[in-house]
Amino acid sequence: MFKGHPKGLYALALANTGERFGYYTMLAVFALFLRANFGLDAGVAGAIYSTFLGLVYLMPLVGGMLADKFGFGKMVTIGITIMFAGYLLLSLPLGGDTFAMLAMLAALLFISLGTGLFKGNLQVMVGDLYNDPQYAAKRDSGFSLFYMAINIGALFAPTAAVKIKEWAEVSLGYSGNDAYHFSFAVACASLILSIAIYYIFRPTFRHVEGGKAKKGEAAAAVDNLTPAETKQRVVALCLVFAVVIFFWMAFHQNGLTLTYFADEFTAKSSEGVQGLLFNVWNLVLVIIGVYAGFSVFQSEEKKGKFASLAVLVAVVAVLVYKALNVEGSVAISAPIFQQFNPFYVVALTPVSLAIFGALAKRGKEPSAPRKIAYGMLVAAVGFAVMAFASVGLLTPDAQAVAGDAAIFVNPNWLISTYLVLTFAELLLSPMGISFVSKVAPPKYKGLMMGGWFVATAIGNWLVSVGGFLWGGISLTVVWSVFIVLCLLSALFMFAMMKRLESATK
């Protein structure tokens with residue numbers, strides 16, 4: 001699974017892991033912070049949340065255009081510096097007045113601009129590592145591993161956000177609102193780690209950093225494509241961009257309406273074996289067990305197989321012991337549910353690679369556009385789970401004043417929803433990024449990767465639709481909106497499949 005990839009992949013992936021850990025730690029509590037600190041209602045908080053997400057994914061268009069002219073590596077360094085300034089400002093506990101609001105908005109602008117210079121260009125560099133013919137066949141699996149690394153950072157983020165906030169409240173005596181800022185400060189430390197990794201291992205990927213193009217270089221880069229072929233590729237990419245808008249609109253409800261559901265409609269404690277799921281270290285054990293299990297079959301040496309088997313047996317033994325000796329209940333905080341998506345990504349990536357690897361050997365692996373279409377269908381199933389879970393529940397407005405009549409559901413509904421949505425994400429996100437890096441005309445690589453993020457930005461702006469629906473409308477209707485959008489997007493992809501697949505030939 002890890003063999004046959006360029007060394008630069010792991011360096012760039014680790015650099016991105018540090019940055020994503022800080023970002024998702026901040027994001028895990030951001031929507032709740034907006035409502036608690038500034039007294040905003042669900043709709044306004046959702047509008048700020050989705051606008052920020054939109055900017056985070058819009059700015060890579062600017063970053064891509066600048067990188068095409070000045071180089072990817074330079075933009076990555078400048079971006080991480082600007083991000084640091086934004087997170088530092090956001091970590092200051094300034095209260096809840098107008099000045100504090102303006103400072104927060106300024107911080108969000110810095111973070112979004114810095115991310116725009118960093119994120120997309122780092123991914124272009126990953127794609128360029130696979131332009132070497134000896135690595136070309138590993139492009140899709142390389143992006144899957146890169147995506148897995150991102151989610152390792154995201155896995156620990158919700159727990160870090162909650163625990164650091166609790167520590168600031170209990171040990172340092174900060175108010176609940178001011179304690180949120182300690183969660184935001186984590187991002188500052190993670191960025192220092194990220195840039196350190198980037199520069200320590202820079203020799204492994206320096207050749208794809210790019211630089212200011214010399215006269216005639218840009219034109220030479222596209223000599224192998226005719227104008228018609230360039231147009232065909234750009235059109236194909238734009239069709240994919242149009243579809244992923246609605247995926248991200250639905251998927252990023254995880255930080256908004258799905259978090260609201262966790263906060264307002266989900267049981268506040270868990271007992272028995274289920275309670276083990278809310279300790280991130282138990283999830284880490286499961287991940288170790290999954291990778292050890294795959295290593296048993298994939299190791300070429302007997303020593304490796306026996307070592308992997310020993311690790312697998314030890315993990316199973318520890319988990320069984322914990323399950324048999326679990327006592328009491330575990331308190332559940334709404335942001336903690338956001339750990340399940342990255343957990344599933346990390347745990348299921350080797351499964352995904354194994355399945356598609358087996359299909360590739362038989363010549364039956366689906367194309368990237370087809371995987372994206374399947375991902376939209378699976379996303380619709382994820383929200384169907386939520387619609388079923390919401391049957392018989394009150395509206396959010398009614399739940400808020402219901403008192404003892406309020407109805408709460410089992411946490412397994414959200415845990416299951418995140419599982420299904422993760423399957424959709426694995427089919428769509430890493431495959432989409434891989435598709436862009438492969439199909440984009442060389443002259444416009446930075447711009448086209450920026451286009452992917454613009455589509456994501458538009459989807460994130462539309463996330464606010466969920467926030468405005470949250471209130472007096474039946475929850476089943478709220479989730480049905482996302483089901484319909486995902487189904488229509490999948491049908492559109494299948495209708496355009498021939499055009500999309502022809503662009504990759």
# chains A, B, ... in the order shown; residues from 1 in each chain; ligands from 1

call {"tool": "closest_atom_pairs", "arguments": {"of": "segment 197-278 of chain A", "to": "segment 9-18 of chain A", "cutoff": "8 Å", "atoms": "only C-alpha atoms", "output": "JSON lines"}}
result
{"residue": "A:Ile197", "atom": "CA", "partner": "A:Ala15", "partner_atom": "CA", "distance": 5.5}
{"residue": "A:Tyr198", "atom": "CA", "partner": "A:Ala15", "partner_atom": "CA", "distance": 5.5}
{"residue": "A:Phe201", "atom": "CA", "partner": "A:Ala11", "partner_atom": "CA", "distance": 5.9}
{"residue": "A:Arg202", "atom": "CA", "partner": "A:Ala11", "partner_atom": "CA", "distance": 7.6}
{"residue": "A:Thr204", "atom": "CA", "partner": "A:Ala11", "partner_atom": "CA", "distance": 7.5}
{"residue": "A:Phe205", "atom": "CA", "partner": "A:Leu9", "partner_atom": "CA", "distance": 8.0}

call {"tool": "select_by_dssp", "arguments": {"residues": "segment 266-300 of chain A", "states": "alpha helix (DSSP H)", "output": "JSON, numbers by chain"}}
result
{"A": [272, 273, 274, 275, 276, 280, 281, 282, 283, 284, 285, 286, 287, 288, 289, 290, 291, 292, 293, 294, 295, 296, 297, 298]}

call {"tool": "residues_around", "arguments": {"residues": "segment 91-99 of chain A", "least_positions_apart": "6", "cutoff": "6 Å", "atoms": "only C-alpha atoms", "output": "list in words"}}
result
Asn37, Phe38, Asp178, His181, Phe184 and Ala185 of chain A

call {"tool": "closest_atom_pairs", "arguments": {"of": "segment 154-202 of chain A", "to": "segment 340-349 of chain A", "cutoff": "10 Å", "atoms": "only C-alpha atoms", "output": "Markdown table"}}
result
| residue | atom | partner | partner_atom | distance |
| --- | --- | --- | --- | --- |
| A:Ala154 | CA | A:Pro342 | CA | 5.8 |
| A:Leu155 | CA | A:Pro342 | CA | 4.9 |
| A:Phe156 | CA | A:Pro342 | CA | 8.6 |
| A:Ala157 | CA | A:Pro342 | CA | 9.5 |
| A:Pro158 | CA | A:Phe340 | CA | 9.5 |

call {"tool": "write_last_selection", "arguments": {"atoms": "N, CA and C atoms", "output": "compact mmCIF listing (two decimals), in the first residue's frame"}}
result
# COMPACT_ATOMS: atom_id res chain seq x y z
N ALA A 154 -7.21 15.62 11.34
CA ALA A 154 -8.60 15.92 11.67
C ALA A 154 -9.16 14.98 12.73
N LEU A 155 -8.62 13.76 12.81
CA LEU A 155 -9.11 12.77 13.78
C LEU A 155 -8.96 13.27 15.21
N PHE A 156 -7.82 13.86 15.52
CA PHE A 156 -7.56 14.29 16.89
C PHE A 156 -8.11 15.69 17.19
N ALA A 157 -8.53 16.39 16.15
CA ALA A 157 -8.95 17.78 16.33
C ALA A 157 -10.15 17.96 17.26
N PRO A 158 -11.26 17.22 17.09
CA PRO A 158 -12.41 17.44 18.00
C PRO A 158 -12.07 17.19 19.46

call {"tool": "closest_residue", "arguments": {"among": "A:Leu469, A:Ala47, A:Ala373, A:Val391", "to": "Val240 of chain A", "atoms": "only C-alpha atoms"}}
result
A:Ala373

call {"tool": "residues_around", "arguments": {"residues": "segment 107-110 of chain A", "least_positions_apart": "6", "cutoff": "7 Å", "atoms": "only C-alpha atoms", "output": "PyMOL selection string"}}
result
chain A and resi 52+82-83+85-87+89-90

call {"tool": "write_last_selection", "arguments": {"atoms": "N, CA and C atoms", "output": "compact mmCIF listing (two decimals), in the first residue's frame"}}
result
# COMPACT_ATOMS: atom_id res chain seq x y z
N PHE A 52 -17.10 31.80 5.74
CA PHE A 52 -15.70 31.51 6.04
C PHE A 52 -15.22 30.28 5.26
N ILE A 82 0.77 33.81 6.70
CA ILE A 82 -0.47 34.59 6.84
C ILE A 82 -1.48 33.85 7.71
N MET A 83 -1.58 32.55 7.52
CA MET A 83 -2.48 31.75 8.36
C MET A 83 -2.14 31.89 9.83
N ALA A 85 -0.80 34.33 11.39
CA ALA A 85 -1.26 35.63 11.91
C ALA A 85 -2.76 35.60 12.20
N GLY A 86 -3.53 34.94 11.33
CA GLY A 86 -4.97 34.85 11.52
C GLY A 86 -5.35 34.05 12.75
N TYR A 87 -4.73 32.89 12.92
CA TYR A 87 -5.04 32.06 14.09
C TYR A 87 -4.60 32.74 15.38
N LEU A 89 -4.60 35.95 15.98
CA LEU A 89 -5.61 36.97 16.28
C LEU A 89 -6.89 36.32 16.81
N LEU A 90 -7.28 35.20 16.23
CA LEU A 90 -8.50 34.52 16.66
C LEU A 90 -8.37 33.95 18.07

call {"tool": "atom_distance", "arguments": {"atom1": "atom CA of Gly54 of chain A", "atom2": "atom CA of Ala187 of chain A"}}
result
19.3 Å

call {"tool": "closest_residue", "arguments": {"among": "A:Thr159, A:Gly173, A:Leu324, A:Asp140", "to": "Pro366 of chain A", "atoms": "only C-alpha atoms"}}
result
A:Asp140

call {"tool": "closest_atom_pairs", "arguments": {"of": "segment 343-387 of chain A", "to": "segment 425-432 of chain A", "cutoff": "6 Å", "atoms": "only C-alpha atoms", "output": "tab-separated table"}}
result
residue	atom	partner	partner_atom	distance
A:Ala368	CA	A:Met431	CA	5.5
A:Lys371	CA	A:Leu427	CA	5.3
A:Ile372	CA	A:Leu428	CA	4.4
A:Gly375	CA	A:Leu427	CA	5.0

call {"tool": "write_last_selection", "arguments": {"atoms": "C-alpha atoms", "output": "PDB file, in the first residue's frame"}}
result
ATOM      1  CA  ALA A 368     -12.385   8.950 -11.539  1.00  0.00           C
ATOM      2  CA  LYS A 371     -16.254   7.167  -8.778  1.00  0.00           C
ATOM      3  CA  ILE A 372     -17.441  10.745  -8.229  1.00  0.00           C
ATOM      4  CA  GLY A 375     -19.974   9.127  -4.357  1.00  0.00           C
TER       5      GLY A 375
END

call {"tool": "residues_around", "arguments": {"residues": "segment 397-403 of chain A", "least_positions_apart": "6", "cutoff": "10 Å", "atoms": "only C-alpha atoms", "output": "NGL selection string"}}
result
:A and (264-265 or 470-474)

call {"tool": "closest_atom_pairs", "arguments": {"of": "segment 230-265 of chain A", "to": "segment 382-388 of chain A", "cutoff": "12 Å", "atoms": "only C-alpha atoms", "output": "tab-separated table"}}
result
residue	atom	partner	partner_atom	distance
A:Phe247	CA	A:Phe383	CA	11.6
A:Ala250	CA	A:Phe383	CA	8.5
A:Phe251	CA	A:Phe383	CA	9.4
A:Gln253	CA	A:Phe383	CA	10.3
A:Asn254	CA	A:Phe383	CA	11.2
A:Thr257	CA	A:Met386	CA	10.9
A:Leu258	CA	A:Met386	CA	9.1
A:Phe261	CA	A:Met386	CA	9.7
A:Ala262	CA	A:Met386	CA	11.5
A:Phe265	CA	A:Met386	CA	11.6

call {"tool": "atom_distance", "arguments": {"atom1": "atom CA of Ser50 of chain A", "atom2": "atom CA of Lys268 of chain A"}}
result
26.3 Å

call {"tool": "residues_around", "arguments": {"residues": "Lys138 of chain A", "least_positions_apart": "2", "cutoff": "12 Å", "atoms": "only C-alpha atoms", "output": "MDAnalysis selection string"}}
result
chainID A and resid 1:6 9 126:127 129:136 140:146 353 356:357 360 434 438

call {"tool": "residues_around", "arguments": {"residues": "Ala490 of chain A", "least_positions_apart": "4", "cutoff": "12 Å", "atoms": "only C-alpha atoms", "output": "number ranges by chain"}}
result
A: 239-240, 242-247, 369-380, 424, 428, 483-486, 494-497

call {"tool": "select_by_dssp", "arguments": {"residues": "segment 173-301 of chain A", "states": "strand (DSSP E or B)", "output": "PyMOL selection string"}}
result
chain A and resi 266+269-271
